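Peer 1: Got a structure for you, questions after.
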Amino acid sequence: MDLGNGKKLTCCGDEPYAECERVYAENSEWLLHEAFCLYSERDIFDPYEKHHSTVKDACELAEKLHVKNLLLYHTEDKNISVRKQHYTEEGKQYYHGNLLIPDDLEALEL
């Protein structure tokens with residue numbers, strides 16, 4: 001989506017990134033990306049068997065694509081009370097931009 005002034009918002013969906021998407025996603029102001037679970041919990045939730053990404057996967061991709069703001073939406077809800085904290089802690093190891101992990105129904109202004 002073109003936000004004007006050369007800024008764009010990109011959503012990769014819930015499937016793993018494909019290199020053909022680079023032209024749309026690289027240097028995005030905002031990247032919306034699914035994070036099925038923490039990378040550290042991949043053996044519990046099996047995201048790869050479901051063709052989903054982890055927090056680490058999404059964050060490494062955003063770093064590689066030079067994205068300014070990464071907004072992670074999530075699937076697993078087993079750790080909902082601490083999910084934002086845990087996703088932020090794991091994500092900051094791999095992504096150095098502005099990382100947002102909203103709670104369910106939380107409104108954000110872009």
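Identifiers in this document derive from the order of the structure tokens: chains are assigned A, B, ..., residues are numbered from 1 separately in each chain, and ligands are numbered from 1 in order of occurrence.
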Go through region 12-51 of chain A residue by residue and, counting only C-alpha atoms, keep those with an atom at most 10 Å from region 70-81 of chain A; for each kept residue give the shortest atom pair and its distance in Å to one decimal, ordered by chain and increasing number, as a tab-separated table.
Peer 2:
residue	atom	partner	partner_atom	distance
A:Gly13	CA	A:Tyr73	CA	10.0
A:Asp14	CA	A:Tyr73	CA	9.4
A:Ser28	CA	A:Leu70	CA	9.3
A:Glu29	CA	A:Leu70	CA	8.5
A:Trp30	CA	A:Leu70	CA	5.9
A:Leu31	CA	A:Leu70	CA	5.0
A:Leu32	CA	A:Leu71	CA	4.9
A:His33	CA	A:Leu72	CA	5.1
A:Glu34	CA	A:Tyr73	CA	4.9
A:Ala35	CA	A:His74	CA	4.9
A:Phe36	CA	A:Thr75	CA	4.8
A:Cys37	CA	A:Glu76	CA	5.9
A:Leu38	CA	A:Glu76	CA	9.1
A:Phe45	CA	A:Glu76	CA	7.9
A:Pro47	CA	A:Glu76	CA	9.8
Peer 1: Limited to all heavy atoms, could you put the picked residues into a file as a compact mmCIF listing (two decimals), in the first residue's frame?
Peer 2:
# COMPACT_ATOMS: atom_id res chain seq x y z
N GLY A 13 1.36 -11.51 4.74
CA GLY A 13 0.39 -12.58 4.96
C GLY A 13 0.91 -13.57 5.98
O GLY A 13 1.85 -13.29 6.71
N ASP A 14 0.30 -14.73 6.00
CA ASP A 14 0.73 -15.71 7.01
C ASP A 14 1.55 -16.84 6.41
O ASP A 14 1.87 -17.80 7.08
CB ASP A 14 -0.47 -16.26 7.79
CG ASP A 14 -1.44 -17.04 6.92
OD1 ASP A 14 -1.23 -17.09 5.70
OD2 ASP A 14 -2.40 -17.59 7.47
N SER A 28 10.18 -0.85 3.26
CA SER A 28 8.84 -0.43 3.66
C SER A 28 8.91 0.37 4.96
O SER A 28 9.73 0.08 5.84
CB SER A 28 7.93 -1.64 3.88
OG SER A 28 7.57 -2.23 2.67
N GLU A 29 8.06 1.34 5.05
CA GLU A 29 7.91 2.07 6.30
C GLU A 29 7.31 1.14 7.36
O GLU A 29 7.72 1.15 8.51
CB GLU A 29 6.99 3.28 6.08
CG GLU A 29 6.87 4.19 7.27
CD GLU A 29 8.08 5.10 7.47
OE1 GLU A 29 8.91 5.25 6.55
OE2 GLU A 29 8.21 5.64 8.58
N TRP A 30 6.34 0.33 6.94
CA TRP A 30 5.65 -0.60 7.82
C TRP A 30 5.60 -1.98 7.17
O TRP A 30 5.26 -2.09 5.99
CB TRP A 30 4.21 -0.15 8.08
CG TRP A 30 4.11 1.07 8.90
CD1 TRP A 30 4.05 2.37 8.46
CD2 TRP A 30 4.09 1.14 10.32
NE1 TRP A 30 3.98 3.22 9.53
CE2 TRP A 30 4.00 2.49 10.68
CE3 TRP A 30 4.12 0.17 11.33
CZ2 TRP A 30 3.95 2.90 12.00
CZ3 TRP A 30 4.07 0.58 12.64
CH2 TRP A 30 3.98 1.95 12.97
N LEU A 31 5.90 -3.00 7.95
CA LEU A 31 5.73 -4.38 7.51
C LEU A 31 4.84 -5.09 8.52
O LEU A 31 5.16 -5.12 9.71
CB LEU A 31 7.07 -5.11 7.41
CG LEU A 31 7.01 -6.58 7.00
CD1 LEU A 31 6.49 -6.73 5.57
CD2 LEU A 31 8.40 -7.22 7.12
N LEU A 32 3.71 -5.60 8.06
CA LEU A 32 2.83 -6.41 8.90
C LEU A 32 3.22 -7.85 8.63
O LEU A 32 3.26 -8.29 7.48
CB LEU A 32 1.37 -6.21 8.53
CG LEU A 32 0.86 -4.77 8.45
CD1 LEU A 32 -0.60 -4.76 8.05
CD2 LEU A 32 1.06 -4.06 9.77
N HIS A 33 3.51 -8.58 9.69
CA HIS A 33 3.99 -9.95 9.50
C HIS A 33 3.46 -10.84 10.60
O HIS A 33 3.51 -10.49 11.78
CB HIS A 33 5.51 -9.98 9.50
CG HIS A 33 6.10 -11.18 8.85
ND1 HIS A 33 5.94 -12.46 9.33
CD2 HIS A 33 6.86 -11.30 7.74
CE1 HIS A 33 6.57 -13.31 8.55
NE2 HIS A 33 7.14 -12.62 7.56
N GLU A 34 2.97 -11.99 10.22
CA GLU A 34 2.50 -12.97 11.17
C GLU A 34 3.69 -13.58 11.91
O GLU A 34 4.75 -13.78 11.34
CB GLU A 34 1.73 -14.06 10.41
CG GLU A 34 1.07 -15.06 11.30
CD GLU A 34 1.74 -16.41 11.25
OE1 GLU A 34 2.79 -16.58 10.61
OE2 GLU A 34 1.22 -17.32 11.89
N ALA A 35 3.51 -13.83 13.19
CA ALA A 35 4.49 -14.56 14.00
C ALA A 35 3.69 -15.60 14.77
O ALA A 35 3.06 -15.30 15.78
CB ALA A 35 5.23 -13.64 14.94
N PHE A 36 3.70 -16.81 14.25
CA PHE A 36 2.87 -17.87 14.82
C PHE A 36 3.22 -18.14 16.28
O PHE A 36 2.34 -18.41 17.09
CB PHE A 36 3.04 -19.14 13.99
CG PHE A 36 2.06 -20.21 14.31
CD1 PHE A 36 0.78 -20.18 13.78
CD2 PHE A 36 2.40 -21.26 15.15
CE1 PHE A 36 -0.14 -21.17 14.09
CE2 PHE A 36 1.49 -22.25 15.46
CZ PHE A 36 0.22 -22.21 14.93
N CYS A 37 4.51 -18.07 16.59
CA CYS A 37 4.96 -18.34 17.95
C CYS A 37 6.41 -17.87 18.09
O CYS A 37 7.01 -17.43 17.12
CB CYS A 37 4.89 -19.84 18.27
SG CYS A 37 5.96 -20.87 17.24
N LEU A 38 6.93 -17.97 19.27
CA LEU A 38 8.34 -17.70 19.49
C LEU A 38 9.18 -18.77 18.80
O LEU A 38 8.78 -19.94 18.74
CB LEU A 38 8.66 -17.72 20.99
CG LEU A 38 8.03 -16.65 21.85
CD1 LEU A 38 8.18 -17.01 23.33
CD2 LEU A 38 8.65 -15.30 21.56
N PHE A 45 4.81 -25.68 19.03
CA PHE A 45 3.72 -25.25 18.15
C PHE A 45 3.87 -25.68 16.69
O PHE A 45 2.94 -25.51 15.91
CB PHE A 45 3.58 -23.72 18.23
CG PHE A 45 3.13 -23.25 19.58
CD1 PHE A 45 4.02 -22.66 20.46
CD2 PHE A 45 1.82 -23.43 20.01
CE1 PHE A 45 3.62 -22.23 21.71
CE2 PHE A 45 1.40 -23.01 21.25
CZ PHE A 45 2.31 -22.41 22.12
N PRO A 47 5.35 -24.45 13.86
CA PRO A 47 4.93 -23.47 12.84
C PRO A 47 5.33 -23.86 11.42
O PRO A 47 4.59 -23.58 10.47
CB PRO A 47 5.63 -22.19 13.27
CG PRO A 47 6.83 -22.66 14.03
CD PRO A 47 6.38 -23.89 14.74
Peer 1: When you look at His96 (chain A) with a cut-off of 10 Å (counting only C-alpha atoms), what residues show up, excluding the ones that are within fewer than 2 positions of it in the same chain? I need them as a ChimeraX atom specification.
Peer 2: /A:59-60,62-63,66-70,91-94,98-99
Peer 1: Can those selected residues be exported to a file as a PDB file, in the first residue's frame so that it contains C-alpha atoms?
Peer 2:
ATOM      1  CA  CYS A  59      12.365 -10.126  12.625  1.00  0.00           C
ATOM      2  CA  GLU A  60      15.285 -11.409  10.575  1.00  0.00           C
ATOM      3  CA  ALA A  62      12.419  -7.185   8.461  1.00  0.00           C
ATOM      4  CA  GLU A  63      16.077  -6.521   9.254  1.00  0.00           C
ATOM      5  CA  HIS A  66      15.491  -2.600   5.871  1.00  0.00           C
ATOM      6  CA  VAL A  67      11.984  -2.134   7.226  1.00  0.00           C
ATOM      7  CA  LYS A  68      11.539   0.774   9.648  1.00  0.00           C
ATOM      8  CA  ASN A  69       8.531  -0.509  11.597  1.00  0.00           C
ATOM      9  CA  LEU A  70       7.603  -4.156  12.089  1.00  0.00           C
ATOM     10  CA  GLY A  91      12.359 -10.052  18.418  1.00  0.00           C
ATOM     11  CA  LYS A  92      14.813  -7.370  19.562  1.00  0.00           C
ATOM     12  CA  GLN A  93      17.638  -9.906  19.230  1.00  0.00           C
ATOM     13  CA  TYR A  94      17.082 -10.026  15.454  1.00  0.00           C
ATOM     14  CA  ASN A  98      10.625  -0.171  15.729  1.00  0.00           C
ATOM     15  CA  LEU A  99       9.005  -3.452  16.822  1.00  0.00           C
TER      16      LEU A  99
END
Peer 1: If DSSP is run on the backbone, what residues of chain A are helix (DSSP H, G or I)? A reply as a ChimeraX atom specification would be ideal.
Peer 2: /A:19-25,39-45,48-50,55-64,83-91
Peer 1: Could you take the residues named above and write them with N, CA, C and O atoms, as a CSV table (one decimal), in the first residue's frame?
Peer 2:
chain,number,residue,atom,x,y,z
A,19,GLU,N,11.0,-14.7,-2.2
A,19,GLU,CA,11.9,-13.7,-2.7
A,19,GLU,C,11.3,-12.8,-3.7
A,19,GLU,O,11.7,-11.6,-3.8
A,20,CYS,N,10.3,-13.3,-4.5
A,20,CYS,CA,9.6,-12.4,-5.4
A,20,CYS,C,8.9,-11.3,-4.8
A,20,CYS,O,8.5,-10.3,-5.5
A,21,GLU,N,8.7,-11.3,-3.5
A,21,GLU,CA,8.0,-10.2,-2.8
A,21,GLU,C,8.9,-9.1,-2.4
A,21,GLU,O,8.5,-8.0,-1.9
A,22,ARG,N,10.2,-9.3,-2.6
A,22,ARG,CA,11.2,-8.2,-2.2
A,22,ARG,C,10.9,-6.9,-2.8
A,22,ARG,O,11.0,-5.9,-2.1
A,23,VAL,N,10.5,-6.8,-4.0
A,23,VAL,CA,10.2,-5.5,-4.7
A,23,VAL,C,9.1,-4.8,-3.9
A,23,VAL,O,9.1,-3.5,-3.9
A,24,TYR,N,8.2,-5.5,-3.3
A,24,TYR,CA,7.1,-4.8,-2.6
A,24,TYR,C,7.5,-4.5,-1.1
A,24,TYR,O,7.1,-3.5,-0.6
A,25,ALA,N,8.3,-5.4,-0.5
A,25,ALA,CA,8.5,-5.3,0.9
A,25,ALA,C,9.8,-4.5,1.3
A,25,ALA,O,9.8,-3.9,2.3
A,39,TYR,N,10.3,-18.4,18.3
A,39,TYR,CA,11.2,-19.4,17.7
A,39,TYR,C,11.6,-20.4,18.8
A,39,TYR,O,11.7,-21.6,18.5
A,40,SER,N,11.8,-19.9,20.0
A,40,SER,CA,12.2,-20.8,21.1
A,40,SER,C,11.1,-21.8,21.5
A,40,SER,O,11.4,-22.8,22.2
A,41,GLU,N,9.9,-21.6,21.0
A,41,GLU,CA,8.8,-22.6,21.2
A,41,GLU,C,8.3,-23.3,19.9
A,41,GLU,O,7.3,-23.9,19.9
A,42,ARG,N,9.2,-23.3,18.9
A,42,ARG,CA,8.8,-23.9,17.6
A,42,ARG,C,8.6,-25.4,17.8
A,42,ARG,O,7.8,-26.0,17.0
A,43,ASP,N,9.2,-26.1,18.7
A,43,ASP,CA,9.0,-27.5,18.9
A,43,ASP,C,7.7,-27.8,19.6
A,43,ASP,O,7.1,-28.9,19.4
A,44,ILE,N,7.1,-26.8,20.2
A,44,ILE,CA,5.8,-27.0,20.9
A,44,ILE,C,4.7,-26.8,19.8
A,44,ILE,O,3.7,-27.5,19.8
A,45,PHE,N,4.8,-25.7,19.0
A,45,PHE,CA,3.7,-25.2,18.2
A,45,PHE,C,3.9,-25.7,16.7
A,45,PHE,O,2.9,-25.5,15.9
A,48,TYR,N,6.5,-24.5,11.3
A,48,TYR,CA,6.9,-24.8,9.9
A,48,TYR,C,6.1,-25.9,9.3
A,48,TYR,O,5.9,-25.9,8.0
A,49,GLU,N,5.6,-26.8,10.0
A,49,GLU,CA,4.7,-27.8,9.5
A,49,GLU,C,3.4,-27.2,9.0
A,49,GLU,O,2.7,-27.7,8.1
A,50,LYS,N,3.0,-26.0,9.5
A,50,LYS,CA,1.8,-25.3,9.1
A,50,LYS,C,2.1,-24.1,8.1
A,50,LYS,O,1.3,-23.3,7.8
A,55,VAL,N,8.6,-15.5,15.5
A,55,VAL,CA,9.1,-14.2,15.8
A,55,VAL,C,10.5,-14.0,15.2
A,55,VAL,O,10.7,-13.0,14.5
A,56,LYS,N,11.4,-14.9,15.4
A,56,LYS,CA,12.7,-14.7,14.8
A,56,LYS,C,12.7,-14.6,13.3
A,56,LYS,O,13.4,-13.8,12.8
A,57,ASP,N,12.0,-15.5,12.7
A,57,ASP,CA,11.9,-15.4,11.2
A,57,ASP,C,11.4,-14.1,10.7
A,57,ASP,O,12.0,-13.5,9.8
A,58,ALA,N,10.3,-13.6,11.3
A,58,ALA,CA,9.8,-12.3,10.9
A,58,ALA,C,10.8,-11.2,11.1
A,58,ALA,O,10.9,-10.3,10.3
A,59,CYS,N,11.4,-11.2,12.3
A,59,CYS,CA,12.4,-10.1,12.6
A,59,CYS,C,13.6,-10.1,11.8
A,59,CYS,O,14.1,-9.1,11.3
A,60,GLU,N,14.1,-11.3,11.5
A,60,GLU,CA,15.3,-11.4,10.6
A,60,GLU,C,14.9,-10.9,9.2
A,60,GLU,O,15.7,-10.2,8.5
A,61,LEU,N,13.7,-11.2,8.7
A,61,LEU,CA,13.3,-10.7,7.4
A,61,LEU,C,13.2,-9.2,7.4
A,61,LEU,O,13.7,-8.6,6.5
A,62,ALA,N,12.6,-8.6,8.4
A,62,ALA,CA,12.4,-7.2,8.5
A,62,ALA,C,13.8,-6.5,8.5
A,62,ALA,O,14.0,-5.5,7.9
A,63,GLU,N,14.7,-7.1,9.2
A,63,GLU,CA,16.1,-6.5,9.3
A,63,GLU,C,16.7,-6.6,7.9
A,63,GLU,O,17.3,-5.6,7.4
A,64,LYS,N,16.6,-7.7,7.2
A,64,LYS,CA,17.2,-7.9,5.9
A,64,LYS,C,16.6,-7.0,4.8
A,64,LYS,O,17.3,-6.5,4.0
A,83,ARG,N,2.7,-12.6,26.3
A,83,ARG,CA,3.1,-12.7,24.9
A,83,ARG,C,3.8,-11.4,24.4
A,83,ARG,O,4.9,-11.5,23.7
A,84,LYS,N,3.3,-10.3,24.6
A,84,LYS,CA,3.9,-9.0,24.1
A,84,LYS,C,5.3,-8.9,24.7
A,84,LYS,O,6.3,-8.6,23.9
A,85,GLN,N,5.5,-9.2,25.9
A,85,GLN,CA,6.9,-9.1,26.5
A,85,GLN,C,7.8,-10.1,25.9
A,85,GLN,O,8.9,-9.8,25.5
A,86,HIS,N,7.4,-11.4,25.8
A,86,HIS,CA,8.2,-12.4,25.3
A,86,HIS,C,8.5,-12.2,23.8
A,86,HIS,O,9.7,-12.4,23.4
A,87,TYR,N,7.5,-11.8,23.0
A,87,TYR,CA,7.8,-11.6,21.6
A,87,TYR,C,8.8,-10.4,21.4
A,87,TYR,O,9.6,-10.4,20.5
A,88,THR,N,8.6,-9.4,22.2
A,88,THR,CA,9.5,-8.2,22.2
A,88,THR,C,10.9,-8.6,22.5
A,88,THR,O,11.9,-8.3,21.8
A,89,GLU,N,11.1,-9.4,23.6
A,89,GLU,CA,12.4,-9.8,24.0
A,89,GLU,C,13.1,-10.6,22.9
A,89,GLU,O,14.3,-10.4,22.6
A,90,GLU,N,12.4,-11.6,22.4
A,90,GLU,CA,13.0,-12.4,21.3
A,90,GLU,C,13.2,-11.6,20.0
A,90,GLU,O,14.3,-11.7,19.4
A,91,GLY,N,12.3,-10.8,19.7
A,91,GLY,CA,12.4,-10.1,18.4
A,91,GLY,C,13.5,-9.1,18.4
A,91,GLY,O,14.2,-8.9,17.4
Peer 1: CA of Gly6 (chain A) and CA of Glu26 (chain A) are how many Å apart?
Peer 2: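 According to the coordinates, CA of Gly6 (chain A) and CA of Glu26 (chain A) are separated by 12.3 Å.
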Peer 1: Between CA of Tyr95 (chain A) and CA of Lys8 (chain A), what distance in Å does the model show, to one decimal?
Peer 2: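 Pair CA of Tyr95 (chain A) / CA of Lys8 (chain A) returns 18.7 Å.
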Peer 1: Quick one, how far is CA of Glu109 (chain A) from CA of Asn5 (chain A)?
Peer 2: 17.3 Å
Peer 1: Taking the chain letters and numbering used in this document, name the residues of chain A that DSSP puts in strand (DSSP E or B), as a ChimeraX atom specification.
Peer 2: /A:2-4,7-11,30-35,37,54,69-74,98-100
